[in-house]
file data.cif (mmCIF, C-alpha atoms)
data_work
loop_
_atom_site.group_PDB
_atom_site.id
_atom_site.type_symbol
_atom_site.label_atom_id
_atom_site.label_comp_id
_atom_site.auth_asym_id
_atom_site.auth_seq_id
_atom_site.Cartn_x
_atom_site.Cartn_y
_atom_site.Cartn_z
ATOM 1 C CA MET M 6 21.649 66.397 -382.788
ATOM 2 C CA LYS M 7 21.685 70.076 -383.596
ATOM 3 C CA THR M 8 21.234 72.823 -381.054
ATOM 4 C CA LEU M 9 17.788 74.345 -381.438
ATOM 5 C CA THR M 10 18.297 77.671 -379.715
ATOM 6 C CA ASN M 11 16.734 80.393 -381.859
ATOM 7 C CA VAL M 12 15.978 77.948 -384.695
ATOM 8 C CA SER M 13 12.514 78.066 -386.244
ATOM 9 C CA ASN M 14 10.310 75.121 -385.347
ATOM 10 C CA GLU M 15 8.843 75.256 -388.853
ATOM 11 C CA LYS M 16 11.884 73.311 -390.093
ATOM 12 C CA THR M 17 12.585 71.190 -387.027
ATOM 13 C CA SER M 18 10.856 67.837 -386.669
ATOM 14 C CA PHE M 19 9.888 66.211 -383.398
ATOM 15 C CA GLY M 20 12.351 63.390 -384.085
ATOM 16 C CA GLU M 21 15.252 65.768 -384.769
ATOM 17 C CA ALA M 22 14.572 67.759 -381.627
ATOM 18 C CA PHE M 23 14.428 64.794 -379.279
ATOM 19 C CA GLY M 24 16.734 62.304 -380.997
ATOM 20 C CA LEU M 25 13.917 59.895 -381.877
ATOM 21 C CA SER M 26 13.946 58.271 -385.284
ATOM 22 C CA GLY M 27 10.899 57.967 -387.504
ATOM 23 C CA ILE M 28 8.948 60.969 -386.160
ATOM 24 C CA ASP M 29 9.028 63.597 -388.911
ATOM 25 C CA VAL M 30 6.129 65.764 -387.724
ATOM 26 C CA PRO M 31 7.231 69.436 -387.468
ATOM 27 C CA LEU M 32 7.329 70.790 -383.931
ATOM 28 C CA SER M 33 5.153 73.673 -385.106
ATOM 29 C CA GLY M 34 2.290 71.215 -385.512
ATOM 30 C CA LEU M 35 2.615 69.875 -381.998
ATOM 31 C CA ILE M 36 3.542 72.565 -379.524
ATOM 32 C CA ALA M 37 4.495 76.232 -379.180
ATOM 33 C CA PHE M 38 8.171 76.960 -379.709
ATOM 34 C CA GLY M 39 9.823 79.550 -377.446
ATOM 35 C CA ASN M 40 11.902 82.621 -378.198
ATOM 36 C CA GLY M 41 15.114 81.474 -376.545
ATOM 37 C CA THR M 42 16.245 78.996 -373.927
ATOM 38 C CA ASN M 43 18.366 79.440 -370.813
ATOM 39 C CA VAL M 44 19.333 75.740 -370.826
ATOM 40 C CA VAL M 45 22.378 74.240 -372.516
ATOM 41 C CA PRO M 46 21.201 71.210 -374.507
ATOM 42 C CA ASN M 47 22.809 67.937 -373.461
ATOM 43 C CA GLN M 48 23.416 66.242 -376.788
ATOM 44 C CA ASN M 49 23.738 62.854 -375.070
ATOM 45 C CA PHE M 50 20.441 63.008 -373.189
ATOM 46 C CA ILE M 51 18.194 60.030 -373.972
ATOM 47 C CA PHE M 52 14.428 60.541 -373.936
ATOM 48 C CA ASP M 53 11.985 57.760 -373.163
ATOM 49 C CA LYS M 54 9.377 57.979 -375.924
ATOM 50 C CA ASP M 55 6.290 57.192 -373.810
ATOM 51 C CA LEU M 56 7.347 59.529 -371.016
ATOM 52 C CA LEU M 57 8.089 62.284 -373.516
ATOM 53 C CA LYS M 58 4.612 61.900 -375.048
ATOM 54 C CA GLN M 59 3.072 62.639 -371.669
ATOM 55 C CA VAL M 60 5.321 65.657 -371.018
ATOM 56 C CA ILE M 61 4.667 67.181 -374.457
ATOM 57 C CA PHE M 62 0.913 66.638 -374.140
ATOM 58 C CA SER M 63 0.860 68.311 -370.722
ATOM 59 C CA LEU M 64 2.765 71.305 -372.091
ATOM 60 C CA LYS M 65 0.486 71.595 -375.119
ATOM 61 C CA GLU M 66 -2.609 71.507 -372.903
ATOM 62 C CA THR M 67 -0.953 73.577 -370.131
ATOM 63 C CA GLN M 68 -1.927 70.747 -367.794
ATOM 64 C CA ASN M 69 0.031 70.623 -364.535
ATOM 65 C CA LEU M 70 2.143 67.466 -364.521
ATOM 66 C CA LEU M 71 3.761 65.536 -361.677
ATOM 67 C CA LEU M 72 6.897 63.556 -362.571
ATOM 68 C CA TRP M 73 7.380 61.044 -359.771
ATOM 69 C CA GLY M 74 9.495 57.969 -359.283
ATOM 70 C CA ASP M 75 13.011 56.661 -358.833
ATOM 71 C CA ALA M 76 15.456 58.929 -357.032
ATOM 72 C CA GLY M 77 18.182 60.104 -359.369
ATOM 73 C CA ALA M 78 16.335 59.025 -362.519
ATOM 74 C CA GLY M 79 16.715 62.463 -364.106
ATOM 75 C CA LYS M 80 13.327 64.085 -363.511
ATOM 76 C CA THR M 81 14.721 67.613 -363.217
ATOM 77 C CA ASP M 82 17.117 67.037 -366.117
ATOM 78 C CA LEU M 83 14.144 65.939 -368.213
ATOM 79 C CA ILE M 84 12.340 69.234 -367.573
ATOM 80 C CA GLU M 85 15.421 71.244 -368.554
ATOM 81 C CA GLN M 86 16.216 69.214 -371.653
ATOM 82 C CA VAL M 87 12.640 69.414 -372.921
ATOM 83 C CA ALA M 88 12.836 73.186 -372.453
ATOM 84 C CA ALA M 89 16.108 73.292 -374.391
ATOM 85 C CA ARG M 90 14.622 71.388 -377.343
ATOM 86 C CA LEU M 91 11.540 73.609 -377.382
ATOM 87 C CA ASN M 92 13.639 76.765 -377.165
ATOM 88 C CA ARG M 93 11.892 77.746 -373.925
ATOM 89 C CA GLN M 94 13.180 78.991 -370.609
ATOM 90 C CA ALA M 95 13.151 76.624 -367.649
ATOM 91 C CA PHE M 96 12.956 77.734 -364.020
ATOM 92 C CA ILE M 97 13.626 75.084 -361.383
ATOM 93 C CA ILE M 98 12.267 76.054 -357.978
ATOM 94 C CA SER M 99 13.394 73.727 -355.199
ATOM 95 C CA PHE M 100 11.141 72.929 -352.259
ATOM 96 C CA GLY M 101 12.061 71.879 -348.737
ATOM 97 C CA GLU M 102 10.654 71.864 -345.225
ATOM 98 C CA GLU M 103 11.752 75.497 -344.730
ATOM 99 C CA THR M 104 10.373 76.850 -348.007
ATOM 100 C CA SER M 105 8.102 79.808 -347.276
ATOM 101 C CA VAL M 106 5.412 81.651 -349.193
ATOM 102 C CA ARG M 107 7.556 84.798 -348.976
ATOM 103 C CA GLN M 108 10.470 83.064 -350.688
ATOM 104 C CA LEU M 109 8.211 81.894 -353.508
ATOM 105 C CA VAL M 110 6.120 85.008 -354.045
ATOM 106 C CA GLY M 111 8.290 87.875 -352.806
ATOM 107 C CA SER M 112 8.091 90.673 -350.281
ATOM 108 C CA PHE M 113 8.825 94.309 -349.581
ATOM 109 C CA THR M 114 12.496 94.807 -348.764
ATOM 110 C CA LEU M 115 14.297 97.641 -347.015
ATOM 111 C CA SER M 116 16.832 99.352 -349.272
ATOM 112 C CA GLN M 117 18.350 102.785 -348.690
ATOM 113 C CA GLY M 118 15.404 103.916 -346.606
ATOM 114 C CA GLU M 119 12.828 102.658 -349.103
ATOM 115 C CA THR M 120 10.792 99.457 -349.224
ATOM 116 C CA PRO M 121 10.540 98.320 -352.858
ATOM 117 C CA TRP M 122 8.807 95.078 -353.781
ATOM 118 C CA ARG M 123 11.095 92.210 -354.799
ATOM 119 C CA ASP M 124 9.672 89.263 -356.718
ATOM 120 C CA GLY M 125 10.257 85.794 -355.351
ATOM 121 C CA ALA M 126 11.491 83.008 -357.613
ATOM 122 C CA LEU M 127 8.014 81.749 -358.482
ATOM 123 C CA LEU M 128 6.476 85.153 -359.191
ATOM 124 C CA SER M 129 9.437 86.096 -361.355
ATOM 125 C CA ALA M 130 9.122 82.872 -363.367
ATOM 126 C CA ILE M 131 5.401 83.136 -364.150
ATOM 127 C CA ARG M 132 5.992 86.490 -365.840
ATOM 128 C CA VAL M 133 8.027 84.778 -368.630
ATOM 129 C CA GLU M 134 6.117 83.711 -371.738
ATOM 130 C CA ASN M 135 6.206 79.952 -372.457
ATOM 131 C CA ALA M 136 8.244 79.321 -369.325
ATOM 132 C CA ILE M 137 8.433 75.758 -368.049
ATOM 133 C CA ILE M 138 8.435 75.978 -364.257
ATOM 134 C CA GLY M 139 9.797 72.974 -362.387
ATOM 135 C CA LEU M 140 8.432 72.624 -358.854
ATOM 136 C CA ASP M 141 11.307 70.435 -357.696
ATOM 137 C CA GLU M 142 10.793 67.896 -354.877
ATOM 138 C CA ILE M 143 7.344 69.261 -354.134
ATOM 139 C CA ASN M 144 6.827 66.321 -351.757
ATOM 140 C CA MET M 145 9.360 67.896 -349.374
ATOM 141 C CA ALA M 146 7.366 71.106 -348.892
ATOM 142 C CA HIS M 147 5.038 71.719 -345.984
ATOM 143 C CA PRO M 148 1.458 70.973 -347.121
ATOM 144 C CA GLY M 149 0.373 74.485 -346.128
ATOM 145 C CA VAL M 150 2.862 76.027 -348.546
ATOM 146 C CA VAL M 151 1.841 73.722 -351.377
ATOM 147 C CA ALA M 152 -1.820 74.425 -350.671
ATOM 148 C CA MET M 153 -1.076 78.101 -351.306
ATOM 149 C CA LEU M 154 -0.210 77.063 -354.852
ATOM 150 C CA ASN M 155 -3.642 75.552 -355.508
ATOM 151 C CA HIS M 156 -5.089 78.811 -356.791
ATOM 152 C CA LEU M 157 -2.072 79.327 -359.058
ATOM 153 C CA LEU M 158 -2.249 75.787 -360.420
ATOM 154 C CA GLN M 159 -5.988 76.061 -361.056
ATOM 155 C CA LYS M 160 -6.395 79.647 -362.248
ATOM 156 C CA LYS M 161 -2.881 80.355 -363.538
ATOM 157 C CA GLU M 162 -2.620 83.492 -361.436
ATOM 158 C CA LEU M 163 -0.990 84.528 -358.157
ATOM 159 C CA VAL M 164 -2.590 86.778 -355.581
ATOM 160 C CA LEU M 165 0.073 88.728 -353.679
ATOM 161 C CA PRO M 166 -0.750 88.516 -349.946
ATOM 162 C CA GLU M 167 0.782 91.902 -349.099
ATOM 163 C CA THR M 168 -0.963 93.947 -351.779
ATOM 164 C CA GLY M 169 -3.878 91.888 -353.073
ATOM 165 C CA GLU M 170 -2.517 92.372 -356.610
ATOM 166 C CA VAL M 171 -3.405 89.593 -359.047
ATOM 167 C CA VAL M 172 -0.558 88.559 -361.350
ATOM 168 C CA LYS M 173 -1.619 86.328 -364.212
ATOM 169 C CA CYS M 174 0.775 83.823 -365.751
ATOM 170 C CA ALA M 175 2.248 84.881 -369.077
ATOM 171 C CA ASN M 176 1.021 83.014 -372.143
ATOM 172 C CA GLY M 177 2.131 79.407 -372.357
ATOM 173 C CA VAL M 178 3.480 79.086 -368.794
ATOM 174 C CA ALA M 179 3.435 75.446 -367.682
ATOM 175 C CA PHE M 180 4.097 73.750 -364.339
ATOM 176 C CA ILE M 181 5.873 70.413 -363.942
ATOM 177 C CA ALA M 182 6.430 69.175 -360.406
ATOM 178 C CA THR M 183 8.887 66.458 -359.390
ATOM 179 C CA SER M 184 8.657 64.080 -356.454
ATOM 180 C CA ASN M 185 10.037 60.756 -355.297
ATOM 181 C CA THR M 186 6.471 59.825 -354.331
ATOM 182 C CA ASN M 187 3.188 60.537 -356.069
ATOM 183 C CA MET M 188 2.556 63.147 -353.335
ATOM 184 C CA GLY M 189 0.842 60.508 -351.210
ATOM 185 C CA VAL M 190 2.284 58.656 -348.237
ATOM 186 C CA ASP M 191 5.880 57.486 -348.666
ATOM 187 C CA GLU M 192 5.192 53.743 -348.543
ATOM 188 C CA SER M 193 8.850 52.881 -349.124
ATOM 189 C CA GLY M 194 10.108 54.774 -346.069
ATOM 190 C CA LEU M 195 13.177 55.820 -348.088
ATOM 191 C CA PHE M 196 12.504 59.540 -348.338
ATOM 192 C CA GLU M 197 12.863 61.187 -344.960
ATOM 193 C CA GLY M 198 10.986 64.461 -344.738
ATOM 194 C CA SER M 199 8.562 63.580 -347.513
ATOM 195 C CA GLN M 200 5.152 65.151 -346.898
ATOM 196 C CA SER M 201 1.807 63.730 -347.969
ATOM 197 C CA GLN M 202 -0.035 66.431 -349.920
ATOM 198 C CA ASN M 203 -3.797 66.763 -349.707
ATOM 199 C CA ALA M 204 -6.236 65.633 -352.381
ATOM 200 C CA ALA M 205 -7.002 69.212 -353.438
ATOM 201 C CA THR M 206 -3.382 69.666 -354.497
ATOM 202 C CA ARG M 207 -2.893 66.224 -356.003
ATOM 203 C CA SER M 208 -6.064 66.503 -358.094
ATOM 204 C CA ARG M 209 -4.626 69.533 -359.887
ATOM 205 C CA PHE M 210 -1.965 67.367 -361.565
ATOM 206 C CA ALA M 211 -1.755 64.633 -364.101
ATOM 207 C CA GLY M 212 0.974 62.116 -363.278
ATOM 208 C CA ALA M 213 3.817 60.423 -365.123
ATOM 209 C CA HIS M 214 5.930 57.711 -363.503
ATOM 210 C CA VAL M 215 9.661 58.212 -364.170
ATOM 211 C CA LYS M 216 11.898 55.150 -363.997
ATOM 212 C CA TYR M 217 15.568 54.617 -364.674
ATOM 213 C CA LEU M 218 16.395 54.155 -368.332
ATOM 214 C CA LYS M 219 16.199 50.692 -369.793
ATOM 215 C CA GLU M 220 19.509 48.845 -369.523
ATOM 216 C CA ALA M 221 20.273 49.136 -373.255
ATOM 217 C CA ASP M 222 19.538 52.878 -373.250
ATOM 218 C CA GLU M 223 21.722 53.496 -370.202
ATOM 219 C CA ILE M 224 24.607 51.616 -371.865
ATOM 220 C CA ARG M 225 24.064 53.718 -374.992
ATOM 221 C CA LEU M 226 24.136 56.884 -372.868
ATOM 222 C CA ILE M 227 27.583 55.941 -371.508
ATOM 223 C CA ASP M 228 28.859 54.973 -374.957
ATOM 224 C CA MET M 229 27.753 58.306 -376.435
ATOM 225 C CA ALA M 230 29.200 60.362 -373.600
ATOM 226 C CA TYR M 231 32.540 58.490 -373.506
ATOM 227 C CA PRO M 232 33.288 57.229 -377.049
ATOM 228 C CA SER M 233 36.894 56.275 -376.202
ATOM 229 C CA LEU M 234 35.947 54.273 -373.100
ATOM 230 C CA ASP M 235 36.593 50.832 -374.601
ATOM 231 C CA GLU M 236 40.051 51.850 -375.742
ATOM 232 C CA ALA M 237 40.963 53.295 -372.359
ATOM 233 C CA ILE M 238 39.511 50.471 -370.254
ATOM 234 C CA PRO M 239 39.604 47.004 -371.869
ATOM 235 C CA PRO M 240 36.705 44.583 -371.225
ATOM 236 C CA LEU M 241 36.588 42.988 -367.779
ATOM 237 C CA SER M 242 35.076 39.565 -367.124
ATOM 238 C CA GLY M 243 34.135 39.376 -370.798
ATOM 239 C CA LYS M 244 31.966 42.509 -370.676
ATOM 240 C CA ARG M 245 32.526 46.091 -371.763
ATOM 241 C CA PHE M 246 33.004 48.699 -369.030
ATOM 242 C CA SER M 247 29.708 50.427 -369.859
ATOM 243 C CA GLU M 248 27.833 47.135 -369.552
ATOM 244 C CA LEU M 249 29.391 46.377 -366.176
ATOM 245 C CA THR M 250 28.653 49.913 -364.967
ATOM 246 C CA VAL M 251 24.953 49.601 -365.758
ATOM 247 C CA GLN M 252 24.847 46.118 -364.212
ATOM 248 C CA LEU M 253 26.362 47.575 -361.036
ATOM 249 C CA ALA M 254 23.991 50.554 -361.074
ATOM 250 C CA ASN M 255 20.944 48.304 -361.282
ATOM 251 C CA ALA M 256 22.233 46.026 -358.508
ATOM 252 C CA LEU M 257 22.753 49.014 -356.211
ATOM 253 C CA ARG M 258 19.316 50.390 -357.068
ATOM 254 C CA SER M 259 17.693 47.058 -356.240
ATOM 255 C CA ALA M 260 19.507 47.044 -352.903
ATOM 256 C CA MET M 261 18.193 50.537 -352.190
ATOM 257 C CA ARG M 262 14.596 49.518 -352.938
ATOM 258 C CA GLU M 263 15.019 46.630 -350.502
ATOM 259 C CA GLY M 264 16.317 48.981 -347.802
ATOM 260 C CA GLY M 265 19.965 47.899 -347.866
ATOM 261 C CA LEU M 266 21.214 51.259 -349.161
ATOM 262 C CA SER M 267 20.012 54.812 -348.607
ATOM 263 C CA LEU M 268 21.719 56.510 -351.568
ATOM 264 C CA PRO M 269 20.571 55.970 -355.168
ATOM 265 C CA PHE M 270 23.152 55.207 -357.833
ATOM 266 C CA SER M 271 21.842 57.936 -360.092
ATOM 267 C CA VAL M 272 22.800 59.008 -363.600
ATOM 268 C CA ARG M 273 25.058 61.582 -361.937
ATOM 269 C CA GLN M 274 26.827 58.803 -360.043
ATOM 270 C CA ILE M 275 27.259 56.862 -363.275
ATOM 271 C CA HIS M 276 28.958 59.823 -364.935
ATOM 272 C CA CYS M 277 31.139 60.438 -361.882
ATOM 273 C CA PHE M 278 32.143 56.756 -361.725
ATOM 274 C CA VAL M 279 33.020 56.506 -365.414
ATOM 275 C CA LYS M 280 34.892 59.829 -365.491
ATOM 276 C CA SER M 281 36.932 59.001 -362.409
ATOM 277 C CA SER M 282 37.630 55.476 -363.697
ATOM 278 C CA LEU M 283 39.109 57.024 -366.835
ATOM 279 C CA ALA M 284 41.152 59.453 -364.748
ATOM 280 C CA PHE M 285 42.357 57.037 -362.062
ATOM 281 C CA LYS M 286 42.724 53.931 -364.253
ATOM 282 C CA ASP M 287 41.349 52.170 -361.198
ATOM 283 C CA ALA M 288 37.664 51.179 -361.044
ATOM 284 C CA SER M 289 37.816 50.346 -357.329
ATOM 285 C CA LEU M 290 39.142 53.771 -356.395
ATOM 286 C CA ALA M 291 36.631 55.399 -358.733
ATOM 287 C CA PHE M 292 33.770 53.539 -357.068
ATOM 288 C CA LYS M 293 34.944 54.678 -353.628
ATOM 289 C CA TYR M 294 35.248 58.253 -354.871
ATOM 290 C CA SER M 295 31.899 58.403 -356.683
ATOM 291 C CA TYR M 296 29.686 56.453 -354.282
ATOM 292 C CA TRP M 297 31.141 54.157 -351.611
ATOM 293 C CA ASN M 298 32.621 56.885 -349.384
ATOM 294 C CA LEU M 299 29.183 58.512 -349.082
ATOM 295 C CA LEU M 300 27.719 55.463 -347.301
ATOM 296 C CA ASP M 301 27.743 54.418 -343.664
ATOM 297 C CA SER M 302 29.784 51.416 -342.504
ATOM 298 C CA VAL M 303 26.977 48.861 -342.878
ATOM 299 C CA GLU M 304 26.008 50.140 -346.321
ATOM 300 C CA ARG M 305 29.634 50.146 -347.453
ATOM 301 C CA GLN M 306 29.797 46.394 -346.888
ATOM 302 C CA THR M 307 26.684 45.865 -349.003
ATOM 303 C CA ALA M 308 28.064 48.075 -351.772
ATOM 304 C CA SER M 309 31.473 46.347 -351.625
ATOM 305 C CA ASP M 310 29.862 42.946 -352.054
ATOM 306 C CA LEU M 311 27.856 44.085 -355.063
ATOM 307 C CA PHE M 312 30.875 45.761 -356.638
ATOM 308 C CA LYS M 313 32.944 42.592 -356.249
ATOM 309 C CA THR M 314 30.158 40.472 -357.746
ATOM 310 C CA VAL M 315 29.962 42.666 -360.846
ATOM 311 C CA PHE M 316 33.580 43.788 -361.371
ATOM 312 C CA ASN M 317 35.377 40.960 -359.558
ATOM 313 C CA LEU M 318 37.432 43.590 -357.743
ATOM 314 C CA GLU M 319 37.920 44.193 -354.014
ATOM 315 C CA ILE M 320 37.245 47.498 -352.258
ATOM 316 C CA SER M 321 39.981 48.244 -349.723
ATOM 317 C CA GLU M 322 39.422 50.390 -346.655
#

call {"tool": "encode", "arguments": {"input": "data.cif", "output": "structure tokens"}}
result
Amino acid sequence: MKTLTNVSNEKTSFGEAFGLSGIDVPLSGLIAFGNGTNVVPNQNFIFDKDLLKQVIFSLKETQNLLLWGDAGAGKTDLIEQVAARLNRQAFIISFGEETSVRQLVGSFTLSQGETPWRDGALLSAIRVENAIIGLDEINMAHPGVVAMLNHLLQKKELVLPETGEVVKCANGVAFIATSNTNMGVDESGLFEGSQSQNAATRSRFAGAHVKYLKEADEIRLIDMAYPSLDEAIPPLSGKRFSELTVQLANALRSAMREGGLSLPFSVRQIHCFVKSSLAFKDASLAFKYSYWNLLDSVERQTASDLFKTVFNLEISE
């Protein structure tokens, strides 16, 4: 896949941009192309076609979109990699319990006896044409802070509390929020600190459910990222290392959904596990390094049992 930075969308098809075969429609016929991206394209990123349809449609219509679902499934990475392919800038703004309106919008600051205005991260981002603004983990923010965003999400403008100035979003600015929940009550009980957002906020979004990649796609992701893996680590138990890794990942994820583990085995963990396995020549040590040592004593036993079932290897203390 070629890098699209500063390449005209007149000659780039949707399929070429997103690594999807059989879609030869030029990007120019689908969505506005940007003037430069601040994201490095990950050539090995795999897009889910149905999910991508929803993201592209929301960007074309400048409809606010909520990406919600599995922890560690790559929601934030998806925002950045879509921006890279569309030659747009992406701004990821992280939310938490302590996030304040001042941090998002800005404030007057004291500097050398003067008090100039300094834009916050959100205000700075909406000034950039065709920016894709990721409101990351919006479910972790205090509802009062998120409610402040309702006017921005609806009218595409920010009213500065200190001055009353109205700052309109630049042309093409789009908002994509991420959350482990759909901004409602955390029914799973897995996401401590998650806040239920009110209906006024939730109604300003369309929603797309993000799941882990299909097993075959996740194996393909590993194979693309580590083409010499099979030579370095011969098959174990009759299966290739990438196949066993994805089998382990899915077993750990199932255990997390059932409450036996608190930490997702995300795409990041997969990369860390495979890289360290190549470096250590020891899958057990790599598993401890990439995941097992981050668990409590009860969870470590669960993870050890699953690792032994898949790899037929023991985890030593």

call {"tool": "residues_around", "arguments": {"input": "data.cif", "residues": "Arg93 in chain M", "least_positions_apart": "2", "cutoff": "10 Å", "atoms": "all atoms listed in the file", "output": "PyMOL selection string"}}
result
chain M and resi 10-11+37-44+85-91+95-96+133-137+178

call {"tool": "residues_around", "arguments": {"input": "data.cif", "residues": "Ser267 in chain M", "least_positions_apart": "4", "cutoff": "10 Å", "atoms": "only C-alpha atoms", "output": "ChimeraX atom specification"}}
result
/M:195-196,257-258,260-263,299-301,304

call {"tool": "resolve_selection", "arguments": {"input": "data.cif", "expression": "the PyMOL selection byres ((chain M and resi 213-218) around 6)", "output": "count of residues only"}}
result
9

call {"tool": "resolve_selection", "arguments": {"input": "data.cif", "expression": "the PyMOL selection byres ((chain M and resi 278-282) around 10)", "output": "ChimeraX atom specification"}}
result
/M:227,230-231,234,237-238,246-247,250,270,272-277,283-296

call {"tool": "residues_around", "arguments": {"input": "data.cif", "residues": "Val151 in chain M", "least_positions_apart": "6", "cutoff": "9 Å", "atoms": "all atoms listed in the file", "output": "PyMOL selection string"}}
result
chain M and resi 106+143-144+202+206

call {"tool": "atom_distance", "arguments": {"input": "data.cif", "atom1": "CA of Phe180 in chain M", "atom2": "CA of Leu158 in chain M"}}
result
7.7 Å

call {"tool": "atom_distance", "arguments": {"input": "data.cif", "atom1": "CA of Leu127 in chain M", "atom2": "CA of Val171 in chain M"}}
result
13.9 Å

call {"tool": "residues_around", "arguments": {"input": "data.cif", "residues": "Val150 in chain M", "least_positions_apart": "4", "cutoff": "12 Å", "atoms": "all atoms listed in the file", "output": "MDAnalysis selection string"}}
result
chainID M and resid 100:110 143:146 154:156 200 202:203 206

call {"tool": "closest_residue", "arguments": {"input": "data.cif", "among": "M:Val251, M:Leu266, M:Ile84, M:Leu140", "to": "Leu226 in chain M", "atoms": "all atoms listed in the file"}}
result
M:Val251

call {"tool": "closest_residue", "arguments": {"input": "data.cif", "among": "M:Ser302, M:Ser116, M:Thr17, M:Asn69", "to": "Ala182 in chain M", "atoms": "only C-alpha atoms"}}
result
M:Asn69

call {"tool": "atom_distance", "arguments": {"input": "data.cif", "atom1": "CA of Phe316 in chain M", "atom2": "CA of Glu220 in chain M"}}
result
17.0 Å

call {"tool": "axis_aligned_box", "arguments": {"input": "data.cif", "around": "range 103-106 of chain M", "padding_each_side": "6 Å", "output": "lines of an AutoDock Vina configuration file"}}
result
center_x = 8.6
center_y = 78.6
center_z = -347.0
size_x = 18.3
size_y = 18.2
size_z = 16.5

call {"tool": "residues_around", "arguments": {"input": "data.cif", "residues": "Lys54 in chain M", "least_positions_apart": "4", "cutoff": "9 Å", "atoms": "all atoms listed in the file", "output": "MDAnalysis selection string"}}
result
chainID M and resid 25 58:59

call {"tool": "closest_residue", "arguments": {"input": "data.cif", "among": "M:Ser63, M:Asn298, M:Ser26, M:Asn49", "to": "Arg225 in chain M", "atoms": "only C-alpha atoms"}}
result
M:Asn49

call {"tool": "decode", "arguments": {"input": "data.cif", "residues": "range 59-75 of chain M", "atoms": "N, CA and C atoms", "output": "short mmCIF file (atom, residue, chain, number, x, y, z; two decimals), in the first residue's frame"}}
result
data_model
loop_
_atom_site.label_atom_id
_atom_site.label_comp_id
_atom_site.auth_asym_id
_atom_site.auth_seq_id
_atom_site.Cartn_x
_atom_site.Cartn_y
_atom_site.Cartn_z
N GLN M 59 -19.15 2.83 7.76
CA GLN M 59 -19.83 3.71 8.71
C GLN M 59 -18.98 4.93 9.04
N VAL M 60 -17.66 4.72 9.20
CA VAL M 60 -16.76 5.84 9.52
C VAL M 60 -16.72 6.83 8.35
N ILE M 61 -16.56 6.31 7.13
CA ILE M 61 -16.47 7.19 5.96
C ILE M 61 -17.77 7.96 5.76
N PHE M 62 -18.91 7.29 5.95
CA PHE M 62 -20.19 7.97 5.80
C PHE M 62 -20.33 9.09 6.82
N SER M 63 -19.92 8.82 8.06
CA SER M 63 -20.04 9.86 9.10
C SER M 63 -19.15 11.06 8.77
N LEU M 64 -17.97 10.80 8.23
CA LEU M 64 -17.08 11.90 7.87
C LEU M 64 -17.65 12.70 6.70
N LYS M 65 -18.19 11.99 5.72
CA LYS M 65 -18.77 12.68 4.55
C LYS M 65 -19.93 13.57 4.96
N GLU M 66 -20.74 13.08 5.90
CA GLU M 66 -21.93 13.83 6.34
C GLU M 66 -21.63 14.75 7.52
N THR M 67 -20.38 14.76 7.98
CA THR M 67 -19.97 15.46 9.21
C THR M 67 -20.93 15.12 10.36
N GLN M 68 -21.27 13.86 10.44
CA GLN M 68 -22.11 13.33 11.52
C GLN M 68 -21.21 12.86 12.65
N ASN M 69 -21.47 13.31 13.87
CA ASN M 69 -20.69 12.84 15.01
C ASN M 69 -20.86 11.33 15.15
N LEU M 70 -19.77 10.63 15.38
CA LEU M 70 -19.81 9.17 15.45
C LEU M 70 -19.19 8.69 16.74
N LEU M 71 -19.84 7.72 17.39
CA LEU M 71 -19.28 7.06 18.56
C LEU M 71 -18.80 5.67 18.17
N LEU M 72 -17.50 5.42 18.35
CA LEU M 72 -16.95 4.07 18.18
C LEU M 72 -16.88 3.45 19.57
N TRP M 73 -17.66 2.40 19.80
CA TRP M 73 -17.67 1.80 21.13
C TRP M 73 -17.49 0.29 21.00
N GLY M 74 -16.97 -0.31 22.06
CA GLY M 74 -16.82 -1.76 22.03
C GLY M 74 -15.58 -2.23 22.74
N ASP M 75 -15.10 -3.40 22.31
CA ASP M 75 -14.04 -4.13 23.00
C ASP M 75 -12.84 -3.26 23.34
#
